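S.K.: If you scroll down you'll find the structure; I have some questions about it.
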Amino acid sequence: MNLKMQCLNLGIENVDEEISRVLKIVRMEEHKTLKCKKCSLVMKQRVGIALALLGEPALLILDEPTSGLDPVSREEILMIFKYLKLQGVSILFSTHITSDLEKCADEITYIREGEIVYSGSLVAA
């Protein structure tokens with residue numbers, strides 16, 4: 001229902017096709033009818049990403065998308081990001097889990113007390 005309402009808000013015409021497309025990306029096709037209140041934390045994160053993907057944006061901005069997830073669930077979310085990157089979607093996300101950056105980031109910016117202390121490639125960091 002959340003996805004359908006957002007499709008309507010965005011003026012998306014082929015609602016069912018668009019919902020199927022984003023649910024496939026976040027690997028939740030089999031849970032299409034599941035109510036959010038019955039979803040696990042990782043499923044809720046996936047639904048949030050699916051919502052952000054409606055309308056095929058070129059850029060996603062996400063705040064702590066892997067926070068609170070167990071290592072396996074974090075890896076699943078990072079795999080979605082890797083796939084999106086291959087599809088040409090840019091992703092900007094904040095995280096305190098720096099090991100996640102090694103798995104999917106090209107460029108990083110470290111901010112400490114509101115000041116940029118490093119910005120550049122992960123290799124140079």
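Convention: chains lettered A, B, ... in structure tokens order; per-chain residue numbering from 1; ligands numbered from 1 as shown.
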Please report, as a PyMOL selection string, each residue of stretch 12-98 of chain A to which DSSP assigns helix (DSSP H, G or I) when run on this structure's backbone.
M.R.: chain A and resi 15-25+29-31+36-38+41-53+71-86+98
S.K.: Write to file, as an mmCIF file, in the first residue's frame, the residues of the selection just made, with C-alpha atoms.
M.R.:
data_model
loop_
_atom_site.group_PDB
_atom_site.id
_atom_site.type_symbol
_atom_site.label_atom_id
_atom_site.label_comp_id
_atom_site.auth_asym_id
_atom_site.auth_seq_id
_atom_site.Cartn_x
_atom_site.Cartn_y
_atom_site.Cartn_z
ATOM 1 C CA VAL A 15 1.736 1.451 -10.915
ATOM 2 C CA ASP A 16 1.735 -2.363 -10.757
ATOM 3 C CA GLU A 17 4.684 -2.635 -13.161
ATOM 4 C CA GLU A 18 6.674 -0.030 -11.224
ATOM 5 C CA ILE A 19 5.981 -1.723 -7.889
ATOM 6 C CA SER A 20 7.044 -5.081 -9.319
ATOM 7 C CA ARG A 21 10.224 -3.497 -10.710
ATOM 8 C CA VAL A 22 11.346 -1.989 -7.381
ATOM 9 C CA LEU A 23 10.330 -5.034 -5.322
ATOM 10 C CA LYS A 24 12.451 -7.199 -7.619
ATOM 11 C CA ILE A 25 15.461 -4.911 -7.088
ATOM 12 C CA GLU A 29 8.675 -9.796 -4.731
ATOM 13 C CA GLU A 30 7.336 -12.670 -2.635
ATOM 14 C CA HIS A 31 6.283 -10.258 0.134
ATOM 15 C CA CYS A 36 4.747 -3.157 6.977
ATOM 16 C CA LYS A 37 3.901 -3.733 10.642
ATOM 17 C CA LYS A 38 4.652 -7.438 10.102
ATOM 18 C CA LEU A 41 13.838 -4.423 10.285
ATOM 19 C CA VAL A 42 15.735 -5.477 7.159
ATOM 20 C CA MET A 43 12.449 -5.832 5.274
ATOM 21 C CA LYS A 44 11.463 -2.323 6.355
ATOM 22 C CA GLN A 45 14.837 -1.042 5.123
ATOM 23 C CA ARG A 46 14.195 -2.754 1.792
ATOM 24 C CA VAL A 47 10.741 -1.204 1.533
ATOM 25 C CA GLY A 48 12.292 2.204 2.249
ATOM 26 C CA ILE A 49 14.792 1.671 -0.546
ATOM 27 C CA ALA A 50 11.997 0.489 -2.853
ATOM 28 C CA LEU A 51 10.059 3.675 -2.064
ATOM 29 C CA ALA A 52 13.125 5.741 -2.921
ATOM 30 C CA LEU A 53 13.548 3.870 -6.224
ATOM 31 C CA PRO A 71 25.953 -8.526 9.412
ATOM 32 C CA VAL A 72 24.078 -10.777 6.963
ATOM 33 C CA SER A 73 21.246 -8.248 6.530
ATOM 34 C CA ARG A 74 23.775 -5.414 6.107
ATOM 35 C CA GLU A 75 25.495 -7.409 3.383
ATOM 36 C CA GLU A 76 22.148 -7.926 1.618
ATOM 37 C CA ILE A 77 21.495 -4.176 1.592
ATOM 38 C CA LEU A 78 25.025 -3.475 0.333
ATOM 39 C CA MET A 79 24.482 -5.988 -2.491
ATOM 40 C CA ILE A 80 21.407 -3.990 -3.522
ATOM 41 C CA PHE A 81 23.575 -0.851 -3.581
ATOM 42 C CA LYS A 82 26.189 -2.604 -5.730
ATOM 43 C CA TYR A 83 23.476 -3.639 -8.186
ATOM 44 C CA LEU A 84 22.071 -0.103 -8.312
ATOM 45 C CA LYS A 85 25.556 1.278 -8.907
ATOM 46 C CA LEU A 86 25.903 -1.032 -11.918
ATOM 47 C CA THR A 98 33.038 2.326 7.949
#
S.K.: Identify, on the basis of only C-alpha atoms, every residue whose closest approach to A:Phe93 does not exceed 10 Å; exclude the query and any residue fewer than 3 positions from it along the same chain; express the result as number ranges by chain.
M.R.: A: 60-66, 90, 101, 105, 108
S.K.: Grab the atom CA of A:Pro57 to atom CA of A:Asn14 distance for me, in Å with one decimal place.
M.R.: 16.0 Å
S.K.: So which residues of stretch 10-121 of chain A fall under strand (DSSP E or B) by DSSP, listed as a VMD selection string?
M.R.: chain A and resid 59 to 63 90 to 94 107 to 112 115 to 121
S.K.: Take the residues from that selection and write them out as a PDB file, in the first residue's frame, keeping C-alpha atoms.
M.R.:
ATOM      1  CA  LEU A  59      20.441   9.715  -7.085  1.00  0.00           C
ATOM      2  CA  LEU A  60      19.458   8.175  -3.756  1.00  0.00           C
ATOM      3  CA  ILE A  61      20.246   9.964  -0.499  1.00  0.00           C
ATOM      4  CA  LEU A  62      20.021   7.602   2.470  1.00  0.00           C
ATOM      5  CA  ASP A  63      20.691   8.140   6.171  1.00  0.00           C
ATOM      6  CA  SER A  90      24.374   7.242  -7.617  1.00  0.00           C
ATOM      7  CA  ILE A  91      23.986   6.660  -3.895  1.00  0.00           C
ATOM      8  CA  LEU A  92      24.946   9.101  -1.170  1.00  0.00           C
ATOM      9  CA  PHE A  93      24.612   7.633   2.297  1.00  0.00           C
ATOM     10  CA  SER A  94      25.761   8.433   5.783  1.00  0.00           C
ATOM     11  CA  GLU A 107      34.308   8.177  -3.030  1.00  0.00           C
ATOM     12  CA  ILE A 108      34.072   9.023   0.660  1.00  0.00           C
ATOM     13  CA  THR A 109      33.915  12.129   2.796  1.00  0.00           C
ATOM     14  CA  TYR A 110      34.757  12.013   6.490  1.00  0.00           C
ATOM     15  CA  ILE A 111      33.113  14.685   8.584  1.00  0.00           C
ATOM     16  CA  ARG A 112      34.140  15.327  12.187  1.00  0.00           C
ATOM     17  CA  GLU A 115      34.184  19.824   9.336  1.00  0.00           C
ATOM     18  CA  ILE A 116      35.321  17.798   6.325  1.00  0.00           C
ATOM     19  CA  VAL A 117      38.540  16.058   7.315  1.00  0.00           C
ATOM     20  CA  TYR A 118      38.920  13.955   4.163  1.00  0.00           C
ATOM     21  CA  SER A 119      37.182  13.770   0.815  1.00  0.00           C
ATOM     22  CA  GLY A 120      38.321  11.580  -2.036  1.00  0.00           C
ATOM     23  CA  SER A 121      38.738   8.028  -3.181  1.00  0.00           C
TER      24      SER A 121
END
S.K.: Please identify all polymer residues within 10 Å of A:Leu10, counting only C-alpha atoms, omitting same-chain residues fewer than 4 positions from it, and present them as a PyMOL selection string.
M.R.: chain A and resi 4-6+54-55
S.K.: Take the selection from the previous step and output its residues with all heavy atoms, as a tab-separated table (two decimals), in the first residue's frame.
M.R.:
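Okay, this is what ended up in selection.tsv:
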chain	number	residue	atom	x	y	z
A	4	LYS	N	2.12	1.86	-3.46
A	4	LYS	CA	1.06	2.31	-4.36
A	4	LYS	C	0.74	3.79	-4.13
A	4	LYS	O	0.59	4.56	-5.08
A	4	LYS	CB	-0.19	1.45	-4.17
A	4	LYS	CG	-1.24	1.70	-5.24
A	4	LYS	CD	-2.37	0.71	-5.15
A	4	LYS	CE	-1.93	-0.52	-5.90
A	4	LYS	NZ	-3.03	-1.45	-6.21
A	5	MET	N	0.68	4.19	-2.87
A	5	MET	CA	0.39	5.60	-2.57
A	5	MET	C	1.50	6.51	-3.09
A	5	MET	O	1.23	7.57	-3.64
A	5	MET	CB	0.23	5.80	-1.05
A	5	MET	CG	-1.02	5.18	-0.48
A	5	MET	SD	-2.53	5.86	-1.19
A	5	MET	CE	-2.46	7.52	-0.58
A	6	GLN	N	2.75	6.08	-2.94
A	6	GLN	CA	3.86	6.89	-3.43
A	6	GLN	C	3.85	6.97	-4.96
A	6	GLN	O	4.16	8.03	-5.52
A	6	GLN	CB	5.20	6.36	-2.92
A	6	GLN	CG	6.37	7.21	-3.30
A	6	GLN	CD	6.36	8.62	-2.68
A	6	GLN	OE1	5.43	9.02	-1.98
A	6	GLN	NE2	7.40	9.36	-2.95
A	54	LEU	N	11.21	4.37	-6.65
A	54	LEU	CA	10.06	4.61	-7.52
A	54	LEU	C	10.34	5.79	-8.44
A	54	LEU	O	10.83	6.83	-8.01
A	54	LEU	CB	8.80	4.87	-6.69
A	54	LEU	CG	8.27	3.67	-5.91
A	54	LEU	CD1	7.16	4.11	-4.97
A	54	LEU	CD2	7.77	2.58	-6.85
A	55	GLY	N	10.05	5.62	-9.71
A	55	GLY	CA	10.27	6.68	-10.68
A	55	GLY	C	11.67	6.72	-11.24
A	55	GLY	O	12.03	7.63	-11.97
S.K.: Which value, in Å to one decimal, gives the distance between atom CA of A:Thr33 and atom CA of A:Asp70?
M.R.: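 Between atom CA of A:Thr33 and atom CA of A:Asp70 the gap is 24.7 Å.
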S.K.: Point out the residue among A:Glu102, A:Glu113, A:Val26, A:Ala58 with the least atom-to-atom distance to A:Gly88, counting only C-alpha atoms.
M.R.: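 Selected residue with least distance to A:Gly88: A:Ala58.
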S.K.: Given the choices A:Cys39, A:Gln87, A:Gly114, A:Leu122, which gets closest to A:Asp100 if the distance is worked out from only C-alpha atoms?
M.R.: A:Leu122
